[in-house]
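For reference, the structure discussed in these notes is given below.
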Amino acid sequence: MLSELKNNPKVVGAKQVRRSLKEGGALRVFIAGDADPQLTDPIRAMCRERGVPVEEIPSMRELGQACGIAVSAAVAALVR
């Protein structure tokens with residue numbers, strides 16, 4: 001599942017993921033389990049409303065590495 005993030009089009013970060021969800025471009029959303037719920041809960045709700053599957057990743061560090069960035073990431077999404 002995390003290998004998909006390395007090899008496919010993606011967006012990283014809450015702002016980009018929210019935009020992708022609003023525009024209908026998000027195919028699957030990945031959320032770090034140790035991310036701030038105030039940040040992730042609204043994104044989870046948007047995913048439920050739009051029928052986009054959510055996968056939880058154990059840590060922000062692991063999600064950032066899977067996205068190929070040098071910093072931690074709270075959320076990311078595979079996009080069209």
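The way I read the labels, and the way they are meant: chains A, B, ... in the order of the structure tokens, residue 1 as the first residue of every chain, and ligand 1 as the first ligand shown, with later ones counted on from there.
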Can you tell me, as a PDB file with N, CA and C atoms, in the first residue's frame, what residues are no more than 9 Å from stretch 37-52 of chain A when counting only C-alpha atoms, ignoring any on the same chain fewer than 3 positions away?
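What ended up in result34.pdb:
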ATOM      1  N   ALA A  14      -2.350  18.527   4.451  1.00  0.00           N
ATOM      2  CA  ALA A  14      -3.790  18.686   4.681  1.00  0.00           C
ATOM      3  C   ALA A  14      -4.451  19.599   3.657  1.00  0.00           C
ATOM      4  N   VAL A  17      -4.655  17.850   0.270  1.00  0.00           N
ATOM      5  CA  VAL A  17      -5.591  16.723   0.309  1.00  0.00           C
ATOM      6  C   VAL A  17      -7.033  17.233   0.333  1.00  0.00           C
ATOM      7  N   ARG A  18      -7.303  18.263   1.139  1.00  0.00           N
ATOM      8  CA  ARG A  18      -8.668  18.842   1.167  1.00  0.00           C
ATOM      9  C   ARG A  18      -9.063  19.337  -0.219  1.00  0.00           C
ATOM     10  N   LEU A  21      -9.861  16.421  -2.462  1.00  0.00           N
ATOM     11  CA  LEU A  21     -11.163  15.841  -2.128  1.00  0.00           C
ATOM     12  C   LEU A  21     -12.302  16.704  -2.669  1.00  0.00           C
ATOM     13  N   LYS A  22     -12.194  18.015  -2.506  1.00  0.00           N
ATOM     14  CA  LYS A  22     -13.244  18.922  -2.994  1.00  0.00           C
ATOM     15  C   LYS A  22     -13.395  18.840  -4.505  1.00  0.00           C
ATOM     16  N   GLY A  24     -12.679  16.262  -6.352  1.00  0.00           N
ATOM     17  CA  GLY A  24     -12.998  14.909  -6.796  1.00  0.00           C
ATOM     18  C   GLY A  24     -11.816  14.140  -7.353  1.00  0.00           C
ATOM     19  N   ALA A  26      -9.162  12.850  -5.470  1.00  0.00           N
ATOM     20  CA  ALA A  26      -8.538  11.905  -4.531  1.00  0.00           C
ATOM     21  C   ALA A  26      -9.128  10.513  -4.720  1.00  0.00           C
ATOM     22  N   LEU A  27      -8.249   9.524  -4.870  1.00  0.00           N
ATOM     23  CA  LEU A  27      -8.679   8.138  -5.017  1.00  0.00           C
ATOM     24  C   LEU A  27      -8.622   7.386  -3.688  1.00  0.00           C
ATOM     25  N   ARG A  28      -7.602   7.693  -2.885  1.00  0.00           N
ATOM     26  CA  ARG A  28      -7.431   7.073  -1.572  1.00  0.00           C
ATOM     27  C   ARG A  28      -6.632   8.031  -0.707  1.00  0.00           C
ATOM     28  N   VAL A  29      -7.003   8.126   0.563  1.00  0.00           N
ATOM     29  CA  VAL A  29      -6.325   9.035   1.483  1.00  0.00           C
ATOM     30  C   VAL A  29      -5.598   8.221   2.541  1.00  0.00           C
ATOM     31  N   ILE A  31      -3.693   8.565   6.257  1.00  0.00           N
ATOM     32  CA  ILE A  31      -3.626   9.433   7.431  1.00  0.00           C
ATOM     33  C   ILE A  31      -2.708   8.796   8.463  1.00  0.00           C
ATOM     34  N   ALA A  32      -1.781   9.594   8.988  1.00  0.00           N
ATOM     35  CA  ALA A  32      -0.862   9.107  10.019  1.00  0.00           C
ATOM     36  C   ALA A  32      -1.596   8.987  11.345  1.00  0.00           C
ATOM     37  N   GLY A  33      -1.415   7.873  12.013  1.00  0.00           N
ATOM     38  CA  GLY A  33      -2.091   7.612  13.270  1.00  0.00           C
ATOM     39  C   GLY A  33      -1.676   8.538  14.393  1.00  0.00           C
ATOM     40  N   ASP A  34      -0.474   9.102  14.308  1.00  0.00           N
ATOM     41  CA  ASP A  34      -0.004   9.993  15.367  1.00  0.00           C
ATOM     42  C   ASP A  34      -0.179  11.476  15.020  1.00  0.00           C
ATOM     43  N   ALA A  74       1.299  14.360   7.793  1.00  0.00           N
ATOM     44  CA  ALA A  74       0.095  13.924   8.504  1.00  0.00           C
ATOM     45  C   ALA A  74      -0.873  13.223   7.580  1.00  0.00           C
ATOM     46  N   VAL A  75      -1.002  13.733   6.349  1.00  0.00           N
ATOM     47  CA  VAL A  75      -1.942  13.153   5.384  1.00  0.00           C
ATOM     48  C   VAL A  75      -1.360  13.206   3.982  1.00  0.00           C
TER      49      VAL A  75
END
**OP:** Please provide as a ChimeraX atom specification all residues within 10 Å of A:Lys10, with the sequence filter that same-chain residues fewer than 4 positions apart are discarded (counting only C-alpha atoms).
**Re:** /A:4-6,16-17,20,25-29,67,76-80
Any chance you could export the current selection's C-alpha atoms as a PDB file, in the first residue's frame?
ATOM      1  CA  GLU A   4       1.668   3.040  -4.222  1.00  0.00           C
ATOM      2  CA  LEU A   5       2.548   6.461  -2.816  1.00  0.00           C
ATOM      3  CA  LYS A   6       6.066   6.273  -4.218  1.00  0.00           C
ATOM      4  CA  GLN A  16      -3.608  19.793  -0.764  1.00  0.00           C
ATOM      5  CA  VAL A  17      -5.591  16.723   0.309  1.00  0.00           C
ATOM      6  CA  SER A  20      -8.132  17.196  -3.986  1.00  0.00           C
ATOM      7  CA  GLY A  25      -9.426  13.932  -7.634  1.00  0.00           C
ATOM      8  CA  ALA A  26      -8.538  11.905  -4.531  1.00  0.00           C
ATOM      9  CA  LEU A  27      -8.679   8.138  -5.017  1.00  0.00           C
ATOM     10  CA  ARG A  28      -7.431   7.073  -1.572  1.00  0.00           C
ATOM     11  CA  VAL A  29      -6.325   9.035   1.483  1.00  0.00           C
ATOM     12  CA  CYS A  67       5.815   9.950  -0.029  1.00  0.00           C
ATOM     13  CA  ALA A  76      -1.442  12.253   1.754  1.00  0.00           C
ATOM     14  CA  ALA A  77      -3.674  11.145  -1.094  1.00  0.00           C
ATOM     15  CA  LEU A  78      -3.355   9.224  -4.306  1.00  0.00           C
ATOM     16  CA  VAL A  79      -4.844  11.327  -7.079  1.00  0.00           C
ATOM     17  CA  ARG A  80      -6.046  10.830 -10.644  1.00  0.00           C
TER      18      ARG A  80
END
Original post:
Which value, in Å to one decimal, gives the distance between atom CA of A:Arg19 and atom CA of A:Leu2?
Top reply: 21.5 Å
**OP:** Identify all residues of chain A in strand (DSSP E) (DSSP on the backbone) and supply them as a PyMOL selection string.
**Re:** chain A and resi 10-12+26-32+54-57+75-79
Could you write those residues out with N, CA and C atoms, as a PDB file, in the first residue's frame?
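selection04.pdb, written as the output of this step:
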ATOM      1  N   LYS A  10       0.426  11.854  -6.463  1.00  0.00           N
ATOM      2  CA  LYS A  10      -0.058  12.053  -5.099  1.00  0.00           C
ATOM      3  C   LYS A  10      -0.003  13.522  -4.733  1.00  0.00           C
ATOM      4  N   VAL A  11      -0.696  13.848  -3.661  1.00  0.00           N
ATOM      5  CA  VAL A  11      -0.567  15.145  -3.007  1.00  0.00           C
ATOM      6  C   VAL A  11      -0.267  14.865  -1.547  1.00  0.00           C
ATOM      7  N   VAL A  12       0.479  15.779  -0.930  1.00  0.00           N
ATOM      8  CA  VAL A  12       0.892  15.602   0.462  1.00  0.00           C
ATOM      9  C   VAL A  12       0.528  16.860   1.239  1.00  0.00           C
ATOM     10  N   ALA A  26      -9.162  12.850  -5.470  1.00  0.00           N
ATOM     11  CA  ALA A  26      -8.538  11.905  -4.531  1.00  0.00           C
ATOM     12  C   ALA A  26      -9.128  10.513  -4.720  1.00  0.00           C
ATOM     13  N   LEU A  27      -8.249   9.524  -4.870  1.00  0.00           N
ATOM     14  CA  LEU A  27      -8.679   8.138  -5.017  1.00  0.00           C
ATOM     15  C   LEU A  27      -8.622   7.386  -3.688  1.00  0.00           C
ATOM     16  N   ARG A  28      -7.602   7.693  -2.885  1.00  0.00           N
ATOM     17  CA  ARG A  28      -7.431   7.073  -1.572  1.00  0.00           C
ATOM     18  C   ARG A  28      -6.632   8.031  -0.707  1.00  0.00           C
ATOM     19  N   VAL A  29      -7.003   8.126   0.563  1.00  0.00           N
ATOM     20  CA  VAL A  29      -6.325   9.035   1.483  1.00  0.00           C
ATOM     21  C   VAL A  29      -5.598   8.221   2.541  1.00  0.00           C
ATOM     22  N   PHE A  30      -4.381   8.645   2.857  1.00  0.00           N
ATOM     23  CA  PHE A  30      -3.559   8.018   3.888  1.00  0.00           C
ATOM     24  C   PHE A  30      -3.413   9.009   5.032  1.00  0.00           C
ATOM     25  N   ILE A  31      -3.693   8.565   6.257  1.00  0.00           N
ATOM     26  CA  ILE A  31      -3.626   9.433   7.431  1.00  0.00           C
ATOM     27  C   ILE A  31      -2.708   8.796   8.463  1.00  0.00           C
ATOM     28  N   ALA A  32      -1.781   9.594   8.988  1.00  0.00           N
ATOM     29  CA  ALA A  32      -0.862   9.107  10.019  1.00  0.00           C
ATOM     30  C   ALA A  32      -1.596   8.987  11.345  1.00  0.00           C
ATOM     31  N   VAL A  54     -10.004   5.442   3.290  1.00  0.00           N
ATOM     32  CA  VAL A  54      -8.940   5.993   4.136  1.00  0.00           C
ATOM     33  C   VAL A  54      -8.124   4.828   4.683  1.00  0.00           C
ATOM     34  N   GLU A  55      -6.806   4.980   4.624  1.00  0.00           N
ATOM     35  CA  GLU A  55      -5.914   3.993   5.227  1.00  0.00           C
ATOM     36  C   GLU A  55      -5.083   4.691   6.285  1.00  0.00           C
ATOM     37  N   GLU A  56      -4.983   4.067   7.448  1.00  0.00           N
ATOM     38  CA  GLU A  56      -4.196   4.655   8.520  1.00  0.00           C
ATOM     39  C   GLU A  56      -2.781   4.087   8.494  1.00  0.00           C
ATOM     40  N   ILE A  57      -1.818   4.981   8.563  1.00  0.00           N
ATOM     41  CA  ILE A  57      -0.402   4.646   8.599  1.00  0.00           C
ATOM     42  C   ILE A  57       0.059   4.899  10.037  1.00  0.00           C
ATOM     43  N   VAL A  75      -1.002  13.733   6.349  1.00  0.00           N
ATOM     44  CA  VAL A  75      -1.942  13.153   5.384  1.00  0.00           C
ATOM     45  C   VAL A  75      -1.360  13.206   3.982  1.00  0.00           C
ATOM     46  N   ALA A  76      -1.811  12.278   3.164  1.00  0.00           N
ATOM     47  CA  ALA A  76      -1.442  12.253   1.754  1.00  0.00           C
ATOM     48  C   ALA A  76      -2.581  11.571   0.996  1.00  0.00           C
ATOM     49  N   ALA A  77      -2.629  11.781  -0.295  1.00  0.00           N
ATOM     50  CA  ALA A  77      -3.674  11.145  -1.094  1.00  0.00           C
ATOM     51  C   ALA A  77      -3.144  10.749  -2.454  1.00  0.00           C
ATOM     52  N   LEU A  78      -3.586   9.603  -2.912  1.00  0.00           N
ATOM     53  CA  LEU A  78      -3.355   9.224  -4.306  1.00  0.00           C
ATOM     54  C   LEU A  78      -4.379   9.977  -5.132  1.00  0.00           C
ATOM     55  N   VAL A  79      -3.943  10.524  -6.256  1.00  0.00           N
ATOM     56  CA  VAL A  79      -4.844  11.327  -7.079  1.00  0.00           C
ATOM     57  C   VAL A  79      -4.882  10.799  -8.496  1.00  0.00           C
TER      58      VAL A  79
END
Subject >> helix (DSSP H, G or I) call set, DSSP backbone run, chain A, as a ChimeraX atom specification >> reply: /A:2-7,14-23,37-50,60-66
Let's have the selection written as a PDB file, in the first residue's frame, with C-alpha atoms.
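Saved the output as again11.pdb:
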ATOM      1  CA  LEU A   2       2.754   2.497   0.867  1.00  0.00           C
ATOM      2  CA  SER A   3       4.629   1.596  -2.317  1.00  0.00           C
ATOM      3  CA  GLU A   4       1.668   3.040  -4.222  1.00  0.00           C
ATOM      4  CA  LEU A   5       2.548   6.461  -2.816  1.00  0.00           C
ATOM      5  CA  LYS A   6       6.066   6.273  -4.218  1.00  0.00           C
ATOM      6  CA  ASN A   7       5.038   5.208  -7.719  1.00  0.00           C
ATOM      7  CA  ALA A  14      -3.790  18.686   4.681  1.00  0.00           C
ATOM      8  CA  LYS A  15      -4.425  21.686   2.434  1.00  0.00           C
ATOM      9  CA  GLN A  16      -3.608  19.793  -0.764  1.00  0.00           C
ATOM     10  CA  VAL A  17      -5.591  16.723   0.309  1.00  0.00           C
ATOM     11  CA  ARG A  18      -8.668  18.842   1.167  1.00  0.00           C
ATOM     12  CA  ARG A  19      -8.447  20.544  -2.224  1.00  0.00           C
ATOM     13  CA  SER A  20      -8.132  17.196  -3.986  1.00  0.00           C
ATOM     14  CA  LEU A  21     -11.163  15.841  -2.128  1.00  0.00           C
ATOM     15  CA  LYS A  22     -13.244  18.922  -2.994  1.00  0.00           C
ATOM     16  CA  GLU A  23     -12.290  18.656  -6.673  1.00  0.00           C
ATOM     17  CA  PRO A  37      -6.951  14.750  15.329  1.00  0.00           C
ATOM     18  CA  GLN A  38      -7.975  18.414  14.921  1.00  0.00           C
ATOM     19  CA  LEU A  39      -6.240  18.254  11.552  1.00  0.00           C
ATOM     20  CA  THR A  40      -7.237  14.751  10.493  1.00  0.00           C
ATOM     21  CA  ASP A  41     -10.840  14.441  11.729  1.00  0.00           C
ATOM     22  CA  PRO A  42     -12.261  16.944   9.194  1.00  0.00           C
ATOM     23  CA  ILE A  43     -10.409  15.123   6.409  1.00  0.00           C
ATOM     24  CA  ARG A  44     -11.813  11.780   7.576  1.00  0.00           C
ATOM     25  CA  ALA A  45     -15.302  13.323   7.498  1.00  0.00           C
ATOM     26  CA  MET A  46     -14.768  14.622   3.948  1.00  0.00           C
ATOM     27  CA  CYS A  47     -13.630  11.149   2.883  1.00  0.00           C
ATOM     28  CA  ARG A  48     -16.763   9.557   4.373  1.00  0.00           C
ATOM     29  CA  GLU A  49     -19.006  12.106   2.633  1.00  0.00           C
ATOM     30  CA  ARG A  50     -17.338  11.471  -0.725  1.00  0.00           C
ATOM     31  CA  MET A  60       3.866  10.712  10.363  1.00  0.00           C
ATOM     32  CA  ARG A  61       7.520   9.874   9.805  1.00  0.00           C
ATOM     33  CA  GLU A  62       6.619   6.652   7.980  1.00  0.00           C
ATOM     34  CA  LEU A  63       4.064   8.457   5.809  1.00  0.00           C
ATOM     35  CA  GLY A  64       6.569  11.163   4.893  1.00  0.00           C
ATOM     36  CA  GLN A  65       9.143   8.556   3.892  1.00  0.00           C
ATOM     37  CA  ALA A  66       6.572   6.695   1.801  1.00  0.00           C
TER      38      ALA A  66
END
